[in-house]
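Okay, entry31.cif is below, mmCIF, C-alpha atoms:
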data_final
loop_
_atom_site.label_atom_id
_atom_site.label_comp_id
_atom_site.auth_asym_id
_atom_site.auth_seq_id
_atom_site.Cartn_x
_atom_site.Cartn_y
_atom_site.Cartn_z
CA MET A 1 -10.00 -24.53 13.91
CA GLY A 2 -10.96 -24.07 10.31
CA GLY A 3 -8.39 -23.68 7.63
CA SER A 4 -8.10 -23.75 3.92
CA LEU A 5 -5.65 -25.23 1.46
CA ASN A 6 -5.67 -21.89 -0.36
CA MET A 7 -3.75 -20.28 2.44
CA ILE A 8 -1.03 -22.95 2.26
CA GLY A 9 -0.94 -22.39 -1.46
CA TYR A 10 -0.60 -18.68 -0.87
CA GLY A 11 2.27 -19.29 1.52
CA LEU A 12 4.05 -21.30 -1.17
CA ALA A 13 3.28 -18.64 -3.77
CA ALA A 14 4.76 -15.94 -1.54
CA ILE A 15 8.18 -17.62 -1.69
CA GLY A 16 8.74 -16.28 -5.20
CA PRO A 17 8.18 -12.59 -4.45
CA GLY A 18 10.10 -13.08 -1.20
CA ILE A 19 13.19 -14.24 -3.05
CA GLY A 20 12.66 -11.50 -5.63
CA ILE A 21 12.51 -8.74 -3.02
CA GLY A 22 15.60 -10.17 -1.34
CA LEU A 23 17.52 -10.06 -4.61
CA ILE A 24 16.40 -6.50 -5.32
CA PHE A 25 17.56 -5.17 -1.99
CA ALA A 26 20.77 -7.20 -2.14
CA ALA A 27 21.58 -5.51 -5.43
CA TYR A 28 20.62 -2.12 -3.98
CA ILE A 29 22.87 -2.54 -0.93
CA ASN A 30 25.69 -3.71 -3.17
CA GLY A 31 25.28 -0.69 -5.39
CA VAL A 32 25.24 1.75 -2.49
CA ALA A 33 28.28 0.08 -0.91
CA ARG A 34 30.23 0.44 -4.14
CA GLN A 35 29.06 3.95 -4.92
CA PRO A 36 27.47 5.74 -1.96
CA GLU A 37 26.83 8.93 -3.96
CA ALA A 38 24.43 7.04 -6.24
CA GLN A 39 22.07 6.24 -3.38
CA SER A 40 19.33 8.71 -4.27
CA ARG A 41 19.17 7.39 -7.84
CA LEU A 42 19.27 3.75 -6.80
CA GLN A 43 16.68 4.15 -4.06
CA SER A 44 13.76 4.97 -6.31
CA ILE A 45 14.69 2.16 -8.71
CA ALA A 46 14.93 -0.28 -5.82
CA ILE A 47 11.57 0.80 -4.41
CA LEU A 48 10.01 0.43 -7.86
CA GLY A 49 11.39 -3.08 -8.23
CA PHE A 50 10.24 -3.91 -4.73
CA ALA A 51 6.75 -2.65 -5.48
CA LEU A 52 6.51 -4.65 -8.71
CA ALA A 53 7.73 -7.88 -7.06
CA GLU A 54 5.44 -7.29 -4.10
CA ALA A 55 2.47 -6.84 -6.44
CA LEU A 56 2.68 -10.55 -7.26
CA ALA A 57 2.35 -11.51 -3.61
CA ILE A 58 -0.49 -9.01 -3.22
CA ILE A 59 -2.39 -10.43 -6.20
CA GLY A 60 -1.83 -13.85 -4.63
CA ILE A 61 -3.43 -12.90 -1.32
CA ALA A 62 -6.39 -11.30 -3.10
CA LEU A 63 -6.95 -14.47 -5.14
CA ALA A 64 -6.56 -16.68 -2.06
CA PHE A 65 -9.47 -14.82 -0.45
CA VAL A 66 -11.51 -14.86 -3.65
CA LEU A 67 -11.13 -18.63 -4.00
CA LYS A 68 -11.94 -19.15 -0.35
CA ALA A 69 -15.11 -17.10 -0.66
CA SER A 70 -16.30 -18.96 -3.75
CA ASN A 71 -15.63 -22.40 -2.23
CA THR A 72 -17.65 -22.02 0.94
CA MET B 73 -8.55 -36.84 29.77
CA ILE B 74 -7.25 -36.03 26.32
CA ILE B 75 -10.64 -36.80 24.80
CA ALA B 76 -12.32 -34.52 27.30
CA ALA B 77 -9.82 -31.75 26.59
CA SER B 78 -10.31 -32.02 22.84
CA ALA B 79 -14.07 -32.05 23.37
CA THR B 80 -13.94 -28.76 25.26
CA VAL B 81 -11.69 -27.32 22.57
CA ARG B 82 -14.15 -28.38 19.91
CA ALA B 83 -17.00 -26.78 21.81
CA GLU B 84 -15.15 -23.46 21.86
CA GLU B 85 -13.71 -23.69 18.38
CA PHE B 86 -11.34 -20.94 17.41
CA HIS B 87 -12.62 -18.76 14.61
CA ALA B 88 -9.75 -17.10 12.81
CA PRO B 89 -10.55 -13.52 11.83
CA GLY B 90 -11.42 -13.27 8.16
CA PRO B 91 -12.75 -10.77 5.66
CA SER B 92 -15.94 -10.43 7.72
CA LEU B 93 -13.82 -8.35 10.12
CA PHE B 94 -14.19 -5.45 7.72
CA ASP B 95 -17.98 -5.47 7.42
CA LEU B 96 -18.69 -2.66 9.83
CA PRO B 97 -22.25 -1.59 10.53
CA GLY B 98 -23.28 1.98 9.84
CA ILE B 99 -22.90 4.45 12.69
CA ALA B 100 -26.17 4.87 14.59
CA GLY B 101 -28.18 2.96 12.03
CA SER B 102 -27.24 5.19 9.11
CA GLU B 103 -25.40 4.33 5.92
CA VAL B 104 -22.31 6.17 7.15
CA THR B 105 -19.59 3.75 8.22
CA LYS B 106 -16.40 4.23 10.18
CA PRO B 107 -14.01 4.36 7.19
CA MET B 108 -16.10 7.15 5.64
CA VAL B 109 -15.79 9.21 8.81
CA GLN B 110 -12.07 8.49 8.83
CA LEU B 111 -11.71 9.75 5.27
CA PHE B 112 -13.22 13.09 6.27
CA LEU B 113 -11.16 13.20 9.43
CA ALA B 114 -7.96 12.57 7.46
CA ALA B 115 -8.82 15.29 4.96
CA ILE B 116 -9.47 17.74 7.78
CA LEU B 117 -6.27 16.76 9.60
CA VAL B 118 -4.08 17.13 6.52
CA PHE B 119 -5.68 20.42 5.55
CA GLY B 120 -5.50 21.73 9.11
CA PHE B 121 -1.87 20.80 9.54
CA PHE B 122 -0.68 22.45 6.35
CA TYR B 123 -2.95 25.45 6.82
CA LEU B 124 -1.61 26.11 10.32
CA ALA B 125 1.96 25.42 9.23
CA SER B 126 1.81 27.85 6.33
CA ARG B 127 -0.36 30.55 7.92
CA LYS B 128 2.50 32.64 9.25
CA ARG B 129 5.19 32.35 6.66
CA ALA B 130 8.16 33.73 8.56
CA LEU B 131 11.67 33.93 7.16
CA VAL B 132 12.92 32.17 10.28
CA PRO B 133 10.42 29.32 10.63
CA GLY B 134 8.78 28.41 13.91
CA LYS B 135 8.39 24.82 15.07
CA LEU B 136 5.16 24.15 13.20
CA GLN B 137 6.32 25.83 10.03
CA PHE B 138 9.56 23.86 10.20
CA ALA B 139 7.63 20.59 10.47
CA GLY B 140 5.36 21.58 7.60
CA GLU B 141 8.28 22.59 5.40
CA GLY B 142 10.09 19.37 6.19
CA ALA B 143 7.05 17.29 5.31
CA TYR B 144 6.46 19.23 2.10
CA GLY B 145 10.12 19.22 1.16
CA PHE B 146 10.39 15.46 1.58
CA VAL B 147 7.79 14.73 -1.08
CA ARG B 148 8.85 17.65 -3.26
CA ASN B 149 12.55 16.80 -3.38
CA SER B 150 12.84 13.06 -2.95
CA VAL B 151 9.76 12.07 -4.96
CA ALA B 152 8.62 14.79 -7.34
CA ARG B 153 11.91 16.40 -8.35
CA ASP B 154 13.97 13.22 -8.50
CA ILE B 155 11.45 11.26 -10.53
CA ILE B 156 9.60 13.75 -12.75
CA GLY B 157 12.68 15.88 -13.37
CA SER B 158 13.44 19.50 -12.58
CA HIS B 159 11.80 20.79 -15.76
CA ASP B 160 8.12 20.24 -15.03
CA PHE B 161 7.76 18.69 -11.58
CA GLN B 162 6.48 21.87 -9.95
CA LYS B 163 2.93 21.47 -11.28
CA PHE B 164 2.48 18.05 -9.68
CA VAL B 165 3.92 18.77 -6.25
CA PRO B 166 0.58 19.84 -4.67
CA TYR B 167 -1.16 16.69 -5.89
CA LEU B 168 1.64 14.37 -4.77
CA VAL B 169 2.02 16.01 -1.35
CA THR B 170 -1.72 15.85 -0.74
CA VAL B 171 -2.01 12.22 -1.78
CA PHE B 172 1.01 11.19 0.28
CA PHE B 173 -0.19 12.75 3.51
CA PHE B 174 -3.79 11.74 2.94
CA ILE B 175 -2.76 8.09 2.55
CA LEU B 176 -0.28 8.31 5.41
CA VAL B 177 -2.84 9.66 7.87
CA ASN B 178 -5.44 7.13 6.73
CA ASN B 179 -2.96 4.28 7.15
CA LEU B 180 -1.77 5.47 10.53
CA PHE B 181 -5.37 5.32 11.73
CA ALA B 182 -4.78 1.56 11.87
CA SER B 183 -2.30 2.01 14.69
CA ILE B 184 -3.94 4.83 16.63
CA PRO B 185 -5.75 3.49 19.72
CA PHE B 186 -9.58 3.67 19.64
CA ILE B 187 -9.60 4.17 15.88
CA GLN B 188 -7.57 1.12 14.87
CA PHE B 189 -9.01 0.66 11.44
CA PRO B 190 -7.07 1.30 8.25
CA THR B 191 -9.37 3.22 5.91
CA PHE B 192 -7.89 1.68 2.78
CA SER B 193 -8.60 -1.85 3.95
CA ARG B 194 -11.92 -1.23 2.21
CA ALA B 195 -11.11 -1.80 -1.45
CA GLY B 196 -13.49 0.87 -2.74
CA MET B 197 -11.57 3.68 -1.07
CA ALA B 198 -8.28 2.52 -2.62
CA TYR B 199 -9.88 2.10 -6.04
CA ALA B 200 -11.23 5.66 -5.94
CA LEU B 201 -7.79 7.03 -5.13
CA ALA B 202 -6.13 4.97 -7.85
CA GLY B 203 -8.82 6.09 -10.30
CA LEU B 204 -7.94 9.70 -9.55
CA SER B 205 -4.29 8.95 -10.21
CA TRP B 206 -5.22 7.22 -13.45
CA LEU B 207 -7.08 10.33 -14.59
CA VAL B 208 -4.14 12.55 -13.65
CA TYR B 209 -1.38 10.66 -15.42
CA ASN B 210 -3.43 9.89 -18.51
CA GLY B 211 -4.71 13.47 -18.53
CA VAL B 212 -1.27 15.06 -18.55
CA GLY B 213 -0.10 12.54 -21.16
CA VAL B 214 -2.98 13.33 -23.49
CA ALA B 215 -2.49 17.06 -22.92
CA ARG B 216 1.21 16.78 -23.77
CA HIS B 217 1.16 14.40 -26.73
CA GLY B 218 -2.43 14.43 -27.98
CA LEU B 219 -4.64 11.37 -27.75
CA LEU B 220 -3.07 9.36 -30.57
CA GLY B 221 0.45 10.41 -29.70
CA TYR B 222 -0.08 9.43 -26.09
CA LEU B 223 -1.52 6.02 -26.99
CA LYS B 224 1.44 5.47 -29.29
CA LEU B 225 3.86 6.48 -26.55
CA GLN B 226 2.32 4.13 -24.02
CA SER B 227 1.64 1.12 -26.21
CA VAL B 228 4.30 1.05 -28.96
CA PRO B 229 7.67 0.10 -27.48
CA SER B 230 10.66 1.78 -29.08
CA GLY B 231 13.58 -0.15 -30.51
CA VAL B 232 11.51 -3.20 -31.43
CA SER B 233 11.12 -4.48 -34.98
CA PRO B 234 7.58 -3.90 -36.35
CA VAL B 235 7.18 -7.67 -36.79
CA MET B 236 6.67 -7.94 -33.04
CA TYR B 237 4.06 -5.18 -32.87
CA PRO B 238 0.95 -7.40 -33.06
CA LEU B 239 2.22 -9.24 -30.01
CA LEU B 240 3.61 -6.36 -27.99
CA VAL B 241 1.20 -3.49 -28.64
CA PRO B 242 -1.87 -5.10 -26.98
CA LEU B 243 0.31 -6.29 -24.12
CA GLU B 244 1.82 -2.86 -23.51
CA PHE B 245 -1.56 -1.20 -23.76
CA PHE B 246 -3.03 -3.70 -21.32
CA SER B 247 -0.17 -3.26 -18.87
CA ASN B 248 0.25 0.52 -19.07
CA ILE B 249 -3.34 1.70 -19.32
CA LEU B 250 -5.57 -0.97 -17.82
CA VAL B 251 -3.60 -2.86 -15.17
CA ARG B 252 -1.68 0.02 -13.61
CA PRO B 253 -4.56 1.55 -11.61
CA VAL B 254 -5.67 -1.91 -10.46
CA THR B 255 -2.26 -2.88 -9.09
CA LEU B 256 -1.87 0.57 -7.58
CA ALA B 257 -5.11 0.17 -5.65
CA LEU B 258 -4.65 -3.52 -4.83
CA ARG B 259 -1.20 -2.95 -3.38
CA LEU B 260 -2.44 -0.35 -0.94
CA PHE B 261 -5.63 -2.23 -0.14
CA CYS B 262 -4.07 -5.65 0.41
CA ASN B 263 -1.24 -4.38 2.57
CA MET B 264 -3.67 -2.66 4.90
CA PHE B 265 -6.10 -5.58 4.78
CA ALA B 266 -3.44 -8.20 5.52
CA GLY B 267 -1.86 -6.12 8.26
CA HIS B 268 -5.16 -5.61 10.04
CA ILE B 269 -6.06 -9.31 9.83
CA LEU B 270 -2.61 -10.26 11.10
CA LEU B 271 -2.96 -8.03 14.16
CA ALA B 272 -6.48 -9.30 14.83
CA LEU B 273 -5.24 -12.87 14.53
CA PHE B 274 -2.50 -12.34 17.10
CA ALA B 275 -4.87 -10.58 19.51
CA THR B 276 -7.80 -13.02 19.32
CA GLY B 277 -5.52 -16.06 19.06
CA GLY B 278 -3.67 -15.01 22.21
CA LEU B 279 -6.96 -14.57 24.06
CA TYR B 280 -8.16 -17.99 22.88
CA LEU B 281 -4.93 -19.68 24.02
CA ILE B 282 -5.23 -18.18 27.49
CA GLU B 283 -8.94 -18.79 27.91
CA HIS B 284 -9.51 -22.21 26.40
CA VAL B 285 -6.26 -24.12 25.96
CA GLY B 286 -4.68 -23.86 29.39
CA GLY B 287 -1.27 -25.31 30.23
CA ILE B 288 1.04 -24.21 27.46
CA GLY B 289 -1.58 -21.67 26.45
CA TYR B 290 -0.70 -19.53 29.48
CA VAL B 291 2.80 -19.17 28.01
CA ALA B 292 1.91 -19.01 24.34
CA GLY B 293 -0.98 -16.56 24.74
CA PRO B 294 0.99 -13.67 26.28
CA LEU B 295 3.78 -14.43 23.81
CA ALA B 296 1.30 -13.91 20.98
CA TRP B 297 0.36 -10.54 22.48
CA VAL B 298 4.01 -9.51 22.70
CA LEU B 299 4.37 -10.50 19.06
CA ALA B 300 1.26 -8.46 18.25
CA ILE B 301 2.98 -5.39 19.68
CA LEU B 302 6.12 -6.07 17.63
CA VAL B 303 4.02 -6.63 14.51
CA SER B 304 2.33 -3.26 15.17
CA PHE B 305 5.69 -1.56 14.78
CA LEU B 306 6.27 -3.46 11.56
CA GLU B 307 2.82 -2.31 10.44
CA ILE B 308 3.68 1.34 11.10
CA LEU B 309 6.69 0.90 8.83
CA VAL B 310 4.51 -0.74 6.18
CA GLN B 311 1.94 2.04 6.45
CA PHE B 312 4.58 4.66 5.79
CA LEU B 313 6.15 2.62 3.02
CA GLN B 314 2.83 2.09 1.24
CA ALA B 315 2.07 5.82 1.20
CA TYR B 316 5.57 6.42 -0.16
CA VAL B 317 5.30 3.70 -2.81
CA PHE B 318 1.91 5.01 -3.90
CA VAL B 319 3.18 8.53 -4.61
CA LEU B 320 6.46 7.22 -6.01
CA LEU B 321 4.61 5.10 -8.57
CA ASN B 322 2.28 8.01 -9.27
CA ALA B 323 5.27 10.22 -10.00
CA MET B 324 6.77 7.54 -12.23
CA TYR B 325 3.56 7.17 -14.21
CA ILE B 326 3.36 10.94 -14.66
CA GLN B 327 7.00 10.99 -15.75
CA GLY B 328 6.34 8.17 -18.22
CA ALA B 329 3.34 10.02 -19.63
CA LEU B 330 5.35 13.23 -20.07
CA ALA B 331 8.44 11.56 -21.53
CA ASP B 332 9.45 12.40 -25.06
CA GLU B 333 9.63 9.68 -27.64
CA HIS B 334 13.05 8.22 -28.10
#
Represent the supplied structure as structure tokens.
Amino acid sequence: MGGSLNMIGYGLAAIGPGIGIGLIFAAYINGVARQPEAQSRLQSIAILGFALAEALAIIGIALAFVLKASNT
Amino acid sequence: MIIAASATVRAEEFHAPGPSLFDLPGIAGSEVTKPMVQLFLAAILVFGFFYLASRKRALVPGKLQFAGEGAYGFVRNSVARDIIGSHDFQKFVPYLVTVFFFILVNNLFASIPFIQFPTFSRAGMAYALAGLSWLVYNGVGVARHGLLGYLKLQSVPSGVSPVMYPLLVPLEFFSNILVRPVTLALRLFCNMFAGHILLALFATGGLYLIEHVGGIGYVAGPLAWVLAILVSFLEILVQFLQAYVFVLLNAMYIQGALADEH
């Protein structure tokens, strides 16, 4: 079974965005619990933060494949 | 015994699915590939659905009209009106609704049996869509503020002392004009790409465990297939979420381009 160190590196790199997304949704749930009527305003902000944090993980997976392709 | 077992394993080495999974040959020897056909199919499906739903516009809606109005109202109210603002969101609703359902149908193709290929797992398709969005939000910004005014709006941050301008202006320009379409496309592309590879890995890995490992493989292989089914449901959620995030970010970019200077 072939493997590549890049993928392990990507797994490590994905920890950061993972924690970030967790924090974003924790704050969102907190906000909605305190003030349920603000949900519609908070939702779009939360999704935007989620998308921006996720972009880091996405760039990581793209680069992991790019590096893999150039090595072999 | 162990040596023999490892020798047979080495003979039938497991090849994890990789990016080559997406290199599909043209249909019947032509240059037309499956994702291209799917793009057309999605366009026809979205057009057909909304055409049929809005053909008989009754005051008391039928089932189809109700579904169409619900789908339209979701994007109109929760994306366009909430983000762009009630003053000038109406112009952009057709574009946002079309893009949302086009992406949604194309993503759902990944989970429909016999099609099972997400169109946007080919990067070119996603880049074309993001390029269209780039033209739209820059276009409305330039139309509203003029070319220089728009560039100033996007690249000169307000409330910062002019000493910082040499540092911040190139950075803001780079982030707001150049990187936005790339991340928009990459997000959609990589989510579909990774999801498809993940499913293929579970399916082929399960088959390999059953066929070539034996012993614990007879337990682990079917377990991998059960997990593949569960991951499919996660993928359906991701497919919906990515279509939503794409139009949400589109609406935010349009709102940012239309915003008045503070």
Could you list as an mmCIF file with C-alpha atoms, in the coordinates of the input every residue that has an atom within 12 Å of (17.1, -6.8, -2.8), using the file's coordinates and counting all atoms listed in the file?
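The resulting file, out-v7.cif, is shown below:
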data_model
loop_
_atom_site.group_PDB
_atom_site.id
_atom_site.type_symbol
_atom_site.label_atom_id
_atom_site.label_comp_id
_atom_site.auth_asym_id
_atom_site.auth_seq_id
_atom_site.Cartn_x
_atom_site.Cartn_y
_atom_site.Cartn_z
ATOM 1 C CA PRO A 17 8.180 -12.590 -4.450
ATOM 2 C CA GLY A 18 10.100 -13.080 -1.200
ATOM 3 C CA ILE A 19 13.190 -14.240 -3.050
ATOM 4 C CA GLY A 20 12.660 -11.500 -5.630
ATOM 5 C CA ILE A 21 12.510 -8.740 -3.020
ATOM 6 C CA GLY A 22 15.600 -10.170 -1.340
ATOM 7 C CA LEU A 23 17.520 -10.060 -4.610
ATOM 8 C CA ILE A 24 16.400 -6.500 -5.320
ATOM 9 C CA PHE A 25 17.560 -5.170 -1.990
ATOM 10 C CA ALA A 26 20.770 -7.200 -2.140
ATOM 11 C CA ALA A 27 21.580 -5.510 -5.430
ATOM 12 C CA TYR A 28 20.620 -2.120 -3.980
ATOM 13 C CA ILE A 29 22.870 -2.540 -0.930
ATOM 14 C CA ASN A 30 25.690 -3.710 -3.170
ATOM 15 C CA GLY A 31 25.280 -0.690 -5.390
ATOM 16 C CA VAL A 32 25.240 1.750 -2.490
ATOM 17 C CA LEU A 42 19.270 3.750 -6.800
ATOM 18 C CA GLN A 43 16.680 4.150 -4.060
ATOM 19 C CA ILE A 45 14.690 2.160 -8.710
ATOM 20 C CA ALA A 46 14.930 -0.280 -5.820
ATOM 21 C CA ILE A 47 11.570 0.800 -4.410
ATOM 22 C CA LEU A 48 10.010 0.430 -7.860
ATOM 23 C CA GLY A 49 11.390 -3.080 -8.230
ATOM 24 C CA PHE A 50 10.240 -3.910 -4.730
ATOM 25 C CA ALA A 51 6.750 -2.650 -5.480
ATOM 26 C CA ALA A 53 7.730 -7.880 -7.060
ATOM 27 C CA GLU A 54 5.440 -7.290 -4.100
#
### Message
Applying 8 Å and all atoms listed in the file, which residues near segment 296-310 of chain B remain after dropping the ones on its own chain fewer than 4 positions away? List them as a list in words.
### Response
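My list of contacting residues is Leu180, Ser183, Asn263, Gly267, Leu271, Phe274, Ala275, Gly277, Gly278, Ala292 and Gln314 of chain B.
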### Message
Given the PyMOL selection byres ((chain A) within 8 of (chain B)) and the file above, list the residues it selects as a ChimeraX atom specification.
### Response
/A:1-2,40-41,44,47-48,51,54-55,58-59,61-62
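The gap separating atom CA of Pro89 of chain B from atom CA of Ala272 of chain B is 6.6 Å, in Å to one decimal.
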#### Entry: Selected residue, from B:Phe189, B:Phe138, B:Val319, B:Gly218, that lies nearest to Pro166 of chain B when counting only C-alpha atoms
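Closest to Pro166 of chain B of all the choices is B:Val319.
Closest to Val177 of chain B among B:Ala323, B:Leu93, B:Val118, B:Ile288 is B:Val118, based on all atoms listed in the file.
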### Task
List every protein, DNA or RNA residue with an atom no more than 12 Å from (-17.1, -4.6, 11.6) in the file's coordinates, counting only C-alpha atoms, and format the result as a VMD selection string.
chain B and resid 89 to 99 105 to 107 188 to 189 193 to 194
### Message
One number please: atom CA of Val228 of chain B to atom CA of Leu250 of chain B, in Å, one decimal.
### Response
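A separation of 15.0 Å between them.
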For segment 47-55 of chain A, take all atoms listed in the file, fit an axis-aligned box around them, add 4 Å to each of the six sides, then output centre and edge lengths in Å rounded to one decimal, as JSON.
{"center_x": 7.0, "center_y": -3.5, "center_z": -6.4, "size_x": 17.1, "size_y": 16.7, "size_z": 12.6}
### Summary
What separates atom CA of Leu281 of chain B and atom CA of Ile8 of chain A is a distance of 22.3 Å
### Residues matched by the PyMOL selection byres ((chain B and resi 124) around 12), written as a ChimeraX atom specification
/B:116-123,125-129,134-141
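Shortest separation to Leu63 of chain A among A:Ala33, A:Tyr10, A:Ile15, A:Gln39 occurs at residue A:Tyr10, atoms counted being only C-alpha atoms.
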### Task
Give me the result of the PyMOL selection byres ((chain B and resi 212) around 12) on this file, residue by residue, as a ChimeraX atom specification.
/B:160-161,163-164,205-211,213-219,222,323,325-331
Coords for segment 11-40 of chain A, C-alpha atoms, as a compact mmCIF listing (two decimals), in the first residue's frame:
# COMPACT_ATOMS: atom_id res chain seq x y z
CA GLY A 11 -3.84 15.64 8.47
CA LEU A 12 -1.76 17.69 10.91
CA ALA A 13 -2.53 20.88 9.00
CA ALA A 14 -6.25 20.17 9.18
CA ILE A 15 -6.16 20.37 12.98
CA GLY A 16 -5.98 24.16 12.83
CA PRO A 17 -9.09 24.76 10.71
CA GLY A 18 -10.83 22.01 12.71
CA ILE A 19 -10.31 23.88 15.95
CA GLY A 20 -11.24 27.13 14.23
CA ILE A 21 -14.54 25.77 12.92
CA GLY A 22 -15.31 24.33 16.36
CA LEU A 23 -14.76 27.72 17.97
CA ILE A 24 -16.92 29.47 15.38
CA PHE A 25 -19.88 27.19 15.89
CA ALA A 26 -19.42 27.21 19.67
CA ALA A 27 -19.72 30.99 19.59
CA TYR A 28 -22.73 30.75 17.26
CA ILE A 29 -24.56 28.28 19.51
CA ASN A 30 -23.76 30.45 22.52
CA GLY A 31 -25.12 33.50 20.78
CA VAL A 32 -28.33 31.78 19.72
CA ALA A 33 -28.83 30.34 23.21
CA ARG A 34 -28.52 33.79 24.74
CA GLN A 35 -30.59 35.58 22.13
CA PRO A 36 -32.69 33.24 19.97
CA GLU A 37 -34.18 36.11 17.95
CA ALA A 38 -30.73 36.99 16.58
CA GLN A 39 -30.37 33.62 14.87
CA SER A 40 -30.92 34.80 11.31
